[in-house]
Structure formats: C-alpha cells, structure tokens
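A.B. asks: Have a peek at target39.tsv (TSV, C-alpha atoms).
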```tsv
chain	number	residue	atom	x	y	z
A	1	MET	CA	-1.95	-6.04	5.04
A	2	ASN	CA	-2.55	-6.64	8.70
A	3	ALA	CA	0.53	-7.45	10.71
A	4	SER	CA	-1.10	-10.28	12.57
A	5	ARG	CA	0.57	-13.52	11.71
A	6	PRO	CA	3.11	-14.08	14.51
A	7	ARG	CA	1.75	-16.12	17.42
A	8	ARG	CA	1.90	-14.48	20.78
A	9	ASN	CA	3.48	-17.16	22.92
A	10	ALA	CA	6.63	-17.34	25.01
A	11	ALA	CA	9.09	-19.15	22.76
A	12	PRO	CA	12.71	-18.26	21.96
A	13	ILE	CA	13.13	-15.38	19.50
A	14	LEU	CA	14.63	-16.72	16.27
A	15	THR	CA	14.82	-20.49	16.39
A	16	ALA	CA	16.16	-22.62	13.56
A	17	ASP	CA	12.53	-23.52	12.76
A	18	VAL	CA	11.66	-19.83	12.29
A	19	LEU	CA	14.75	-19.10	10.20
A	20	ALA	CA	14.03	-22.15	8.03
A	21	LEU	CA	10.87	-20.36	6.84
A	22	VAL	CA	12.89	-17.86	4.76
A	23	GLY	CA	12.10	-18.71	1.15
A	24	VAL	CA	8.95	-20.68	1.97
A	25	CYS	CA	6.05	-19.89	-0.41
A	26	GLY	CA	2.35	-19.99	0.29
A	27	PRO	CA	-0.22	-21.24	-2.21
A	28	VAL	CA	-1.54	-19.19	-5.12
A	29	LEU	CA	-4.70	-17.47	-3.87
A	30	THR	CA	-7.35	-16.23	-6.28
A	31	ALA	CA	-9.68	-13.28	-5.64
A	32	PRO	CA	-13.29	-14.36	-5.12
A	33	ALA	CA	-14.58	-12.34	-8.10
A	34	PRO	CA	-13.36	-10.43	-11.16
A	35	LEU	CA	-12.75	-6.70	-10.77
A	36	ALA	CA	-16.15	-5.01	-10.94
A	37	GLU	CA	-16.89	-1.38	-11.75
A	38	ASP	CA	-18.71	-0.70	-8.49
A	39	THR	CA	-15.89	-2.20	-6.39
A	40	LEU	CA	-13.46	0.04	-8.22
A	41	ARG	CA	-15.68	3.10	-7.72
A	42	ARG	CA	-15.99	2.46	-4.00
A	43	PHE	CA	-12.28	1.91	-3.54
A	44	CYS	CA	-11.31	5.01	-5.53
A	45	GLN	CA	-13.72	7.22	-3.62
A	46	ALA	CA	-12.39	5.94	-0.29
A	47	ALA	CA	-8.76	6.43	-1.37
A	48	MET	CA	-9.70	9.88	-2.78
A	49	GLU	CA	-8.32	8.81	-6.15
A	50	THR	CA	-9.16	11.38	-8.83
A	51	ASP	CA	-7.55	10.06	-12.03
A	52	PRO	CA	-10.41	9.55	-14.52
A	53	ILE	CA	-8.85	6.36	-15.98
A	54	HIS	CA	-10.46	4.64	-12.94
A	55	PHE	CA	-14.03	5.77	-13.60
A	56	ASP	CA	-14.28	7.24	-17.12
A	57	ALA	CA	-13.84	4.55	-19.82
A	58	ASP	CA	-13.19	7.16	-22.53
A	59	ALA	CA	-10.38	8.68	-20.47
A	60	ALA	CA	-8.93	5.21	-19.86
A	61	ARG	CA	-8.96	4.37	-23.58
A	62	ALA	CA	-7.43	7.74	-24.43
A	63	ALA	CA	-4.63	6.89	-21.99
A	64	GLY	CA	-3.90	3.63	-23.81
A	65	TYR	CA	-5.88	1.10	-21.75
A	66	PRO	CA	-8.66	-1.14	-23.10
A	67	GLY	CA	-11.10	0.22	-20.49
A	68	LEU	CA	-11.28	1.15	-16.82
A	69	VAL	CA	-8.25	0.14	-14.79
A	70	ALA	CA	-7.59	-0.05	-11.04
A	71	PRO	CA	-5.05	2.09	-9.19
A	72	PRO	CA	-1.62	0.41	-8.99
A	73	LEU	CA	-1.86	-0.68	-5.35
A	74	TYR	CA	-5.48	-1.86	-5.57
A	75	PRO	CA	-4.52	-5.58	-5.79
A	76	LEU	CA	-3.55	-5.44	-2.09
A	77	HIS	CA	-7.26	-5.17	-1.33
A	78	ALA	CA	-8.66	-7.56	-3.93
A	79	PHE	CA	-9.12	-10.48	-1.50
A	80	PRO	CA	-12.16	-9.72	0.67
A	81	ARG	CA	-14.02	-12.27	2.76
A	82	TRP	CA	-16.59	-14.14	0.70
A	83	PRO	CA	-20.14	-15.22	1.72
A	84	GLY	CA	-20.23	-18.60	3.43
A	85	THR	CA	-16.99	-18.02	5.35
A	86	PRO	CA	-16.97	-17.35	9.12
A	87	ASP	CA	-17.73	-13.80	10.25
A	88	PRO	CA	-14.58	-12.41	11.92
A	89	PHE	CA	-16.79	-10.35	14.23
A	90	ASP	CA	-17.81	-13.61	15.92
A	91	ALA	CA	-14.56	-13.10	17.87
A	92	LEU	CA	-16.35	-10.33	19.82
A	93	ALA	CA	-18.53	-12.93	21.58
A	94	GLY	CA	-15.44	-14.35	23.29
A	95	ASP	CA	-13.54	-11.07	23.60
A	96	PRO	CA	-15.40	-7.74	23.44
A	97	ASP	CA	-11.99	-6.05	23.23
A	98	TRP	CA	-10.94	-8.00	20.12
A	99	ASP	CA	-8.72	-5.60	18.18
A	100	GLY	CA	-10.32	-6.28	14.79
A	101	ILE	CA	-7.16	-7.69	13.21
A	102	GLU	CA	-7.86	-10.68	11.01
A	103	LEU	CA	-5.30	-13.29	10.12
A	104	VAL	CA	-3.67	-12.44	6.81
A	105	GLU	CA	-4.99	-14.73	4.13
A	106	ASP	CA	-1.64	-15.43	2.54
A	107	GLY	CA	-1.45	-19.15	3.30
A	108	LEU	CA	2.04	-18.88	4.80
A	109	PRO	CA	2.87	-21.04	7.83
A	110	PRO	CA	2.65	-19.06	11.09
A	111	LEU	CA	5.75	-17.70	12.80
A	112	GLU	CA	6.39	-18.86	16.35
A	113	ILE	CA	7.99	-15.75	17.84
A	114	GLY	CA	7.58	-15.01	21.55
A	115	LEU	CA	7.12	-11.26	21.20
A	116	GLU	CA	3.98	-9.19	21.68
A	117	ARG	CA	3.86	-5.95	19.70
A	118	LEU	CA	3.32	-5.86	15.95
A	119	LEU	CA	4.02	-2.83	13.78
A	120	ASN	CA	3.75	-2.21	10.06
A	121	GLY	CA	7.34	-1.17	9.40
A	122	GLY	CA	7.00	-0.27	5.78
A	123	VAL	CA	6.22	-1.29	2.26
A	124	GLU	CA	8.07	-1.57	-1.03
A	125	ALA	CA	6.09	-1.97	-4.25
A	126	GLU	CA	7.14	-2.56	-7.84
A	127	ILE	CA	4.36	-1.87	-10.31
A	128	TYR	CA	4.15	-3.77	-13.61
A	129	GLY	CA	0.58	-3.27	-14.77
A	130	LEU	CA	-2.88	-2.04	-13.81
A	131	ALA	CA	-5.72	-4.54	-13.30
A	132	GLU	CA	-8.50	-4.14	-15.85
A	133	LEU	CA	-12.22	-4.42	-15.28
A	134	GLY	CA	-13.28	-8.08	-15.53
A	135	GLU	CA	-9.83	-9.44	-14.71
A	136	THR	CA	-9.39	-11.68	-11.69
A	137	ILE	CA	-6.41	-11.03	-9.43
A	138	ALA	CA	-4.32	-13.82	-7.91
A	139	CYS	CA	-1.44	-13.60	-5.46
A	140	GLN	CA	1.31	-15.68	-3.92
A	141	SER	CA	3.41	-14.80	-0.88
A	142	ARG	CA	6.75	-15.94	0.46
A	143	TYR	CA	8.90	-15.18	3.47
A	144	ALA	CA	11.65	-13.09	1.88
A	145	ASP	CA	13.62	-12.36	5.04
A	146	ILE	CA	13.51	-12.85	8.81
A	147	HIS	CA	16.14	-11.23	11.00
A	148	ASP	CA	16.44	-9.70	14.44
A	149	ARG	CA	18.13	-6.66	15.89
A	150	ALA	CA	18.63	-5.27	19.36
A	151	GLY	CA	16.28	-2.32	19.79
A	152	ARG	CA	16.28	0.36	22.48
A	153	SER	CA	13.44	-1.41	24.30
A	154	GLY	CA	14.54	-5.00	23.70
A	155	PRO	CA	14.85	-7.35	20.76
A	156	MET	CA	13.03	-6.63	17.51
A	157	VAL	CA	12.31	-9.12	14.75
A	158	PHE	CA	11.89	-7.96	11.14
A	159	VAL	CA	9.72	-10.20	8.99
A	160	VAL	CA	9.63	-9.41	5.27
A	161	VAL	CA	6.84	-11.00	3.25
A	162	GLU	CA	6.99	-10.65	-0.52
A	163	THR	CA	3.77	-11.04	-2.46
A	164	ASP	CA	3.40	-11.23	-6.24
A	165	TYR	CA	0.09	-10.17	-7.75
A	166	ARG	CA	-0.90	-11.28	-11.24
A	167	THR	CA	-4.09	-11.67	-13.18
A	168	THR	CA	-5.34	-15.25	-13.48
A	169	ASP	CA	-4.18	-14.99	-17.13
A	170	GLY	CA	-0.65	-14.57	-15.79
A	171	ARG	CA	-0.19	-10.86	-16.47
A	172	PRO	CA	2.12	-9.42	-13.76
A	173	LEU	CA	0.62	-6.51	-11.80
A	174	LEU	CA	2.58	-5.83	-8.67
A	175	ARG	CA	5.25	-7.11	-6.29
A	176	VAL	CA	4.95	-5.93	-2.70
A	177	ARG	CA	7.38	-6.43	0.17
A	178	THR	CA	5.87	-5.71	3.56
A	179	THR	CA	8.08	-5.42	6.61
A	180	MET	CA	6.46	-6.38	9.89
A	181	ILE	CA	8.28	-5.43	13.06
A	182	VAL	CA	7.63	-7.72	16.02
A	183	ARG	CA	8.90	-6.66	19.43
B	1	MET	CA	-8.20	17.46	-3.67
B	2	SER	CA	-10.00	18.38	-6.83
B	3	ALA	CA	-12.89	16.34	-8.19
B	4	THR	CA	-10.99	15.10	-11.22
B	5	ALA	CA	-7.44	15.57	-12.38
B	6	THR	CA	-6.16	14.49	-15.76
B	7	PRO	CA	-2.38	14.45	-15.47
B	8	PRO	CA	-0.47	16.39	-18.15
B	9	ARG	CA	2.29	14.87	-20.29
B	10	ARG	CA	5.74	15.15	-18.77
B	11	THR	CA	9.02	14.27	-20.50
B	12	PHE	CA	12.34	13.16	-19.06
B	13	GLU	CA	14.21	15.95	-20.81
B	14	SER	CA	12.18	18.52	-18.84
B	15	VAL	CA	13.24	17.18	-15.41
B	16	THR	CA	16.22	18.34	-13.33
B	17	VAL	CA	17.74	16.89	-10.15
B	18	GLY	CA	16.41	18.93	-7.24
B	19	ASP	CA	13.01	19.57	-8.83
B	20	GLU	CA	10.18	19.47	-6.31
B	21	LEU	CA	7.18	17.39	-7.30
B	22	GLU	CA	3.91	19.24	-6.88
B	23	PRO	CA	2.81	18.29	-3.36
B	24	LEU	CA	-0.57	16.71	-2.71
B	25	VAL	CA	-2.34	18.13	0.35
B	26	CYS	CA	-4.75	15.68	1.93
B	27	GLY	CA	-6.95	16.60	4.86
B	28	PRO	CA	-7.87	17.43	7.45
B	29	LEU	CA	-8.54	13.70	7.71
B	30	THR	CA	-11.59	13.17	9.90
B	31	PRO	CA	-13.00	9.98	11.43
B	32	LEU	CA	-15.31	9.89	8.40
B	33	HIS	CA	-12.38	9.61	6.00
B	34	LEU	CA	-10.76	6.86	8.06
B	35	MET	CA	-14.02	4.94	8.45
B	36	ARG	CA	-14.74	5.12	4.71
B	37	PHE	CA	-11.32	3.76	3.83
B	38	SER	CA	-11.40	0.95	6.39
B	39	ALA	CA	-14.85	-0.08	5.17
B	40	ALA	CA	-13.82	-0.02	1.50
B	41	ILE	CA	-10.81	-2.27	2.07
B	42	GLU	CA	-12.58	-4.30	4.80
B	43	ASN	CA	-9.82	-3.74	7.32
B	44	TRP	CA	-11.53	-4.01	10.72
B	45	HIS	CA	-8.58	-3.00	12.89
B	46	ARG	CA	-10.37	-0.85	15.46
B	47	ILE	CA	-7.58	1.69	15.95
B	48	HIS	CA	-8.64	3.27	12.62
B	49	TYR	CA	-12.31	3.96	13.47
B	50	ASP	CA	-13.16	3.11	17.13
B	51	GLU	CA	-11.89	6.05	19.16
B	52	ARG	CA	-12.62	4.51	22.56
B	53	PHE	CA	-10.68	1.42	21.60
B	54	ALA	CA	-7.78	3.40	20.13
B	55	THR	CA	-7.36	5.70	23.12
B	56	THR	CA	-8.59	3.77	26.17
B	57	HIS	CA	-7.67	0.22	25.18
B	58	ASP	CA	-4.56	0.78	23.06
B	59	GLY	CA	-3.40	4.03	24.67
B	60	LEU	CA	-3.01	5.85	21.36
B	61	PRO	CA	-3.36	9.64	21.00
B	62	GLY	CA	-6.33	9.16	18.65
B	63	LEU	CA	-7.52	7.20	15.65
B	64	LEU	CA	-4.57	6.28	13.44
B	65	ILE	CA	-4.37	7.02	9.72
B	66	SER	CA	-3.44	3.67	8.19
B	67	GLY	CA	-0.26	2.99	6.28
B	68	SER	CA	-2.42	1.57	3.49
B	69	PHE	CA	-4.12	4.93	3.07
B	70	LYS	CA	-0.83	6.81	3.09
B	71	GLN	CA	0.73	4.60	0.44
B	72	HIS	CA	-2.28	5.19	-1.85
B	73	VAL	CA	-2.11	8.97	-1.57
B	74	VAL	CA	1.64	8.87	-2.10
B	75	SER	CA	1.07	6.86	-5.29
B	76	GLN	CA	-1.49	9.48	-6.39
B	77	MET	CA	0.97	12.35	-5.97
B	78	LEU	CA	3.62	10.47	-7.96
B	79	ARG	CA	1.25	9.45	-10.75
B	80	ARG	CA	-0.07	12.98	-11.14
B	81	TRP	CA	3.48	14.23	-11.47
B	82	ALA	CA	4.45	11.41	-13.86
B	83	GLY	CA	1.65	12.57	-16.14
B	84	ARG	CA	-0.32	10.61	-18.68
B	85	GLY	CA	2.70	9.15	-20.49
B	86	GLY	CA	4.77	8.35	-17.39
B	87	TRP	CA	4.79	5.21	-15.28
B	88	LEU	CA	5.15	4.93	-11.51
B	89	MET	CA	7.50	1.91	-11.27
B	90	ALA	CA	8.37	1.63	-7.63
B	91	ILE	CA	7.57	3.07	-4.21
B	92	SER	CA	9.32	2.33	-0.94
B	93	MET	CA	8.11	3.82	2.35
B	94	GLN	CA	8.96	3.32	6.00
B	95	PHE	CA	6.25	3.92	8.58
B	96	ARG	CA	8.33	5.61	11.26
B	97	ARG	CA	5.75	7.69	13.06
B	98	MET	CA	2.01	7.62	13.61
B	99	ASP	CA	-0.30	10.01	11.79
B	100	VAL	CA	-3.40	10.75	13.85
B	101	VAL	CA	-6.96	11.75	12.89
B	102	GLY	CA	-7.37	15.49	12.34
B	103	GLU	CA	-4.02	15.89	10.63
B	104	THR	CA	-3.63	17.41	7.17
B	105	LEU	CA	-0.96	15.45	5.31
B	106	THR	CA	1.32	16.94	2.69
B	107	ILE	CA	2.68	14.31	0.33
B	108	TRP	CA	5.97	15.58	-1.07
B	109	GLY	CA	8.71	14.46	-3.43
B	110	THR	CA	12.07	15.72	-4.70
B	111	VAL	CA	13.97	14.50	-7.76
B	112	SER	CA	17.23	12.93	-6.55
B	113	HIS	CA	18.70	11.13	-9.57
B	114	LEU	CA	18.20	10.87	-13.34
B	115	GLU	CA	19.17	8.00	-15.63
B	116	ALA	CA	18.53	8.10	-19.39
B	117	HIS	CA	17.81	4.88	-21.29
B	118	THR	CA	16.79	4.20	-24.88
B	119	GLY	CA	13.26	5.56	-25.31
B	120	TYR	CA	12.68	6.41	-21.65
B	121	GLY	CA	14.32	7.91	-18.60
B	122	LEU	CA	14.26	6.84	-14.97
B	123	VAL	CA	13.61	9.49	-12.33
B	124	SER	CA	14.46	8.64	-8.73
B	125	CYS	CA	12.78	10.68	-6.02
B	126	ARG	CA	12.86	11.09	-2.30
B	127	ILE	CA	9.30	11.10	-0.99
B	128	GLY	CA	7.51	11.49	2.29
B	129	VAL	CA	4.44	12.46	4.29
B	130	ARG	CA	4.49	15.54	6.52
B	131	ASN	CA	1.85	16.85	8.90
B	132	GLU	CA	0.99	20.54	9.45
B	133	GLU	CA	3.87	20.89	11.90
B	134	GLY	CA	6.31	19.65	9.29
B	135	VAL	CA	6.90	16.35	11.08
B	136	GLU	CA	7.81	13.55	8.68
B	137	SER	CA	6.11	10.19	9.26
B	138	SER	CA	6.78	8.02	6.21
B	139	PRO	CA	10.03	8.77	4.37
B	140	GLY	CA	10.95	6.77	1.32
B	141	THR	CA	11.95	6.67	-2.29
B	142	ALA	CA	10.19	6.21	-5.62
B	143	GLN	CA	11.10	5.61	-9.24
B	144	VAL	CA	9.16	7.00	-12.18
B	145	ALA	CA	9.78	6.19	-15.86
B	146	LEU	CA	9.12	9.04	-18.29
B	147	PRO	CA	9.18	9.20	-22.09
B	148	LEU	CA	12.39	10.95	-23.14
B	149	THR	CA	10.61	13.40	-25.44
B	150	ALA	CA	7.06	14.27	-26.39
B	151	ASP	CA	7.50	12.03	-29.47
B	152	ASP	CA	8.07	8.86	-27.40
B	153	PRO	CA	4.98	6.72	-26.72
B	154	PRO	CA	3.26	6.69	-23.31
B	155	ILE	CA	4.42	3.99	-20.87
B	156	THR	CA	1.45	1.87	-19.73
B	157	GLY	CA	3.25	-1.02	-18.04
B	158	TRP	CA	6.62	-2.28	-16.94
B	159	PRO	CA	8.33	-5.66	-17.45
B	160	ALA	CA	8.33	-7.89	-14.38
B	161	PRO	CA	11.72	-9.41	-13.41
```
Please render this file's structure as structure tokens.
C.D. replies:
Amino acid sequence: MNASRPRRNAAPILTADVLALVGVCGPVLTAPAPLAEDTLRRFCQAAMETDPIHFDADAARAAGYPGLVAPPLYPLHAFPRWPGTPDPFDALAGDPDWDGIELVEDGLPPLEIGLERLLNGGVEAEIYGLAELGETIACQSRYADIHDRAGRSGPMVFVVVETDYRTTDGRPLLRVRTTMIVR
Amino acid sequence: MSATATPPRRTFESVTVGDELEPLVCGPLTPLHLMRFSAAIENWHRIHYDERFATTHDGLPGLLISGSFKQHVVSQMLRRWAGRGGWLMAISMQFRRMDVVGETLTIWGTVSHLEAHTGYGLVSCRIGVRNEEGVESSPGTAQVALPLTADDPPITGWPAP
C-alpha cells in the first residue's frame, strides 16, 4: 500500500475531526477481474515465489487445493487501475518531479494532518485462505487507530488502517493492518 | 533461490524453542529486480526504480527495496519452513531501516514459543531481514500452525475471527 493519504497542509496535528475517524469504514471495493493464471504467473515471478502450488495445478491439487492458488499476501495487489480510468502519469504534465505515489484506493475519508513526511512503518497480516484461480477478491478498510507521539525530530502521527480481504463469495482471505507514520 | 521448491512435511512434535528456520538468501537485488516487482504490482513510486529521482530529488542513498517485496520474501521463508502441511497464520514486521539496491537480504527466523492444541500446534517465531553486514531492517514476529504428528491432516486455511 502506498502511504499517501494524508493531505499535506498546515493544520493542527490531531484534531477532534481526525480522531473521530477511528472506526470509520470505507466501502467494499471489488477487484476489476477474477484472478487469472497469467496475472498470478507474473506476480510470482516478480516476487521470486517458487512454490509450485502457484503455477503447477497438479502440485496445487496434491497439496489439497482445487487448483492454482495465489500467495497469501497477493490480495494486497489485486486492485490495479482498470482501462477507462485516468492515467496517473498525467500528473507528470503538471509536475515532472511527481513522486509516482497514487492515492490509495481504499475509499476512506482523507486525513487532515499538517505534517509532510510519510513512511511505511510496518505491516501485520493474518492469513485465513489462499485466493483460487477464477475467484474475485474484494476488500474493505477502516481506520483502526490514530495516535501521536513526540519523536526525536518533532511530532509523529501513527495511522493504522485495517483492511479485510475476502472473495466475492465471502470466503475470508486476509486481514492486514498497515501502520503509516506521518511526521 | 532455486527454480522450484516443494516444501517438505513438518510436524509440531519435531520443533523445539530456539530452532533456527532455514534462512532464505535473496539477492543481490539489482535495479532489474526492483523494476520487475514495481511493474508487477503497478506501484509507480519512483524511489524503487528511478535512480536519479531517488538520489537527487529525494536524497536517498540509492533505489529502495520496497516493504511490499520484503514482506513477500519473508512469507516465502516461513511457508517453506512450515512445509506442505503447515499454515502461515500471521506475520508482523516493522520497517525500521531502509534496504537499498545491491544488497543481498537474508530472511531469518527463530522459534520463540510453542503451544500445543488439539490436532495442531502453534509455533511463534522471531523473524527479520538482514543485509550482508548483518544490519537488521525489518524485525518482527510470525505464527505458524503445524500438524501435531505426521498422521494429522494438512492445514490449508485458518478460521477468520
């Protein structure tokens, strides 16, 4: 996930409006297409994944799955931009030094925090199942926690977003908590 | 990394606190590896593939290896160790330090706690990512469920809360 949601303006750090977002859920988002074999192949090769249950259907069946399955953390990447939506690279026309970070497509309301630097602080994942070929992945996010702390170089805000990934049939796949550090 | 790797069966009764999980050595990670991963997940953050941007614009020591990539290779090490019948239940990692292009990462784990249940056992591990100089970037913990004995069925999923 890209740590890009907080707006970079000069507001107070943790206002009541920001804190009121803890517990707020975004909408259920559905991947634009079912899991396809070639998408899985490309992802596994890029992640240097070598377990044959991801590319050899016989090995997957022998391991107890109905067919090819995705690696456990694959659902994080199951929501690519679809044709007909704006090209994020259009941002380069206005700013050749655009950093390439796209807004996270989690549907959560933006955070109004007047701090500049964004870091990916860490990730916690609980794994319930592996997505199967032909299944469509859906996700829903919520603000699980927002708190601040005095850091060595000034205030730091910790924003924890929890996202549940399921198949559109309702089979649980994964729960991920991502901690973004804003300072 | 080898071309294919079918994990063996591992049982809970064969595991002892203090056991070291077989490390996974990954690298040296070149700009090609980083570019391929960014393209596959369609993450266009330039610090992972545009060296001029990473160094001149953002003042970084080089292209950064993404946290997304590190969490995938950590999951691979744990799943290989868990074996065909085991189930990687949970991973938690903190990204405390940057890993830069050119590094060879060693993904490591150590068994820290064991808890037997009916039909399966839970193995807690300390995990992390070290570079060639032994510097740790991404410490964390993980939990793996293993069949108690070779007679218990493989675990191919875990109940959601």
A.B. asks: So that each row is one residue of chain A with an atom at most 6 Å from chain B, can you give its shortest atom pair and the distance in Å to one decimal, using all atoms listed in the file, rows by chain and rising number, as a Markdown table?
C.D. replies:
```
| residue | atom | partner | partner_atom | distance |
| --- | --- | --- | --- | --- |
| A:Phe43 | CA | B:Ala40 | CA | 5.6 |
| A:Ala46 | CA | B:Phe37 | CA | 4.8 |
| A:Thr50 | CA | B:Thr4 | CA | 4.8 |
| A:Asp51 | CA | B:Ala5 | CA | 5.5 |
| A:His77 | CA | B:Ile41 | CA | 5.7 |
| A:Asp99 | CA | B:Arg46 | CA | 5.7 |
| A:Gly100 | CA | B:His45 | CA | 4.2 |
| A:Ile101 | CA | B:His45 | CA | 4.9 |
| A:Gly121 | CA | B:Phe95 | CA | 5.3 |
| A:Gly122 | CA | B:Gln94 | CA | 4.1 |
| A:Val123 | CA | B:Met93 | CA | 5.4 |
| A:Glu124 | CA | B:Ser92 | CA | 4.1 |
| A:Ala125 | CA | B:Ile91 | CA | 5.3 |
| A:Glu126 | CA | B:Ala90 | CA | 4.4 |
| A:Ile127 | CA | B:Met89 | CA | 5.0 |
| A:Tyr128 | CA | B:Trp158 | CA | 4.4 |
| A:Gly129 | CA | B:Gly157 | CA | 4.8 |
```
A.B. asks: Put those residues in a file: C-alpha atoms, as a PDB file, keeping the file's coordinate frame.
C.D. replies:
```pdb
ATOM      1  CA  PHE A  43     -12.280   1.910  -3.540  1.00  0.00           C
ATOM      2  CA  ALA A  46     -12.390   5.940  -0.290  1.00  0.00           C
ATOM      3  CA  THR A  50      -9.160  11.380  -8.830  1.00  0.00           C
ATOM      4  CA  ASP A  51      -7.550  10.060 -12.030  1.00  0.00           C
ATOM      5  CA  HIS A  77      -7.260  -5.170  -1.330  1.00  0.00           C
ATOM      6  CA  ASP A  99      -8.720  -5.600  18.180  1.00  0.00           C
ATOM      7  CA  GLY A 100     -10.320  -6.280  14.790  1.00  0.00           C
ATOM      8  CA  ILE A 101      -7.160  -7.690  13.210  1.00  0.00           C
ATOM      9  CA  GLY A 121       7.340  -1.170   9.400  1.00  0.00           C
ATOM     10  CA  GLY A 122       7.000  -0.270   5.780  1.00  0.00           C
ATOM     11  CA  VAL A 123       6.220  -1.290   2.260  1.00  0.00           C
ATOM     12  CA  GLU A 124       8.070  -1.570  -1.030  1.00  0.00           C
ATOM     13  CA  ALA A 125       6.090  -1.970  -4.250  1.00  0.00           C
ATOM     14  CA  GLU A 126       7.140  -2.560  -7.840  1.00  0.00           C
ATOM     15  CA  ILE A 127       4.360  -1.870 -10.310  1.00  0.00           C
ATOM     16  CA  TYR A 128       4.150  -3.770 -13.610  1.00  0.00           C
ATOM     17  CA  GLY A 129       0.580  -3.270 -14.770  1.00  0.00           C
TER      18      GLY A 129
END
```
A.B. asks: Between atom CA of Val144 of chain B and atom CA of Leu173 of chain A, measure the distance and give it in Å to one decimal.
C.D. replies: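 Atom CA of Val144 of chain B sits 16.0 Å away from atom CA of Leu173 of chain A.
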A.B. asks: Could you tell me how far atom CA of Gly154 of chain A lies from atom CA of Val182 of chain A, in Å and to one decimal?
C.D. replies: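 One can read the atom CA of Gly154 of chain A to atom CA of Val182 of chain A distance as 10.7 Å.
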A.B. asks: Kindly give the distance, in Å, that separates atom CA of Ile127 of chain B and atom CA of Asp145 of chain A, rounded to a single decimal.
C.D. replies: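 Separation of atom CA of Ile127 of chain B and atom CA of Asp145 of chain A: 24.6 Å.
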A.B. asks: Need to verify the contact set: Val129 of chain B, 6 Å, only C-alpha atoms, exclusion of same-chain residues closer than 5 positions in sequence. Can you return it as an MDAnalysis selection string?
C.D. replies: chainID B and resid 106:107 136:138
A.B. asks: Keeping C-alpha atoms for every residue in the selection just given, could you write it to a file as a PDB file, keeping the file's coordinate frame?
C.D. replies:
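Just written: again_10.pdb:
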```pdb
ATOM      1  CA  THR B 106       1.320  16.940   2.690  1.00  0.00           C
ATOM      2  CA  ILE B 107       2.680  14.310   0.330  1.00  0.00           C
ATOM      3  CA  GLU B 136       7.810  13.550   8.680  1.00  0.00           C
ATOM      4  CA  SER B 137       6.110  10.190   9.260  1.00  0.00           C
ATOM      5  CA  SER B 138       6.780   8.020   6.210  1.00  0.00           C
TER       6      SER B 138
END
```
A.B. asks: Please list as JSON, numbers by chain every residue within 8 Å of Asn120 of chain A, counting only C-alpha atoms and excluding residues in the same chain fewer than 2 positions away.
C.D. replies: {"A": [2, 3, 118, 122, 178, 179, 180, 181], "B": [67, 95]}
A.B. asks: Which residues are near Glu132 of chain B? Cut-off 7 Å, only C-alpha atoms, ignore same chain within fewer than 3 positions. Put them as a PyMOL selection string.
C.D. replies: chain B and resi 103-105
A.B. asks: Name the residues, using the chain letters and numbers of the file, that sit within 9 Å of (-12.1, -16.4, -5.2) when counting all atoms listed in the file, and give them as a ChimeraX atom specification.
C.D. replies: /A:29-34,79-80,82,136-138
A.B. asks: Is there a way to get, as a list of chain:residue names, all residues within 12 Å of the point (15.2, -17.7, 15.0) in file coordinates, counting all atoms listed in the file?
C.D. replies: A:Ala11, A:Pro12, A:Ile13, A:Leu14, A:Thr15, A:Ala16, A:Asp17, A:Val18, A:Leu19, A:Ala20, A:Leu21, A:Val22, A:Leu111, A:Glu112, A:Ile113, A:Gly114, A:Asp145, A:Ile146, A:His147, A:Asp148, A:Arg149, A:Pro155, A:Met156, A:Val157, A:Phe158, A:Val159
A.B. asks: Could you name the residues that touch segment 130-135 of chain A at 8 Å or less, counting all atoms listed in the file, but leaving out those on the same chain fewer than 4 positions away, as a ChimeraX atom specification?
C.D. replies: /A:34-37,66-72,75,167-168,173 /B:157
A.B. asks: Which polymer residues have any atom within 9 Å of an atom of Val15 of chain B, counting all atoms listed in the file, with same-chain residues fewer than 3 positions away left out, as a count of residues only?
C.D. replies: 8
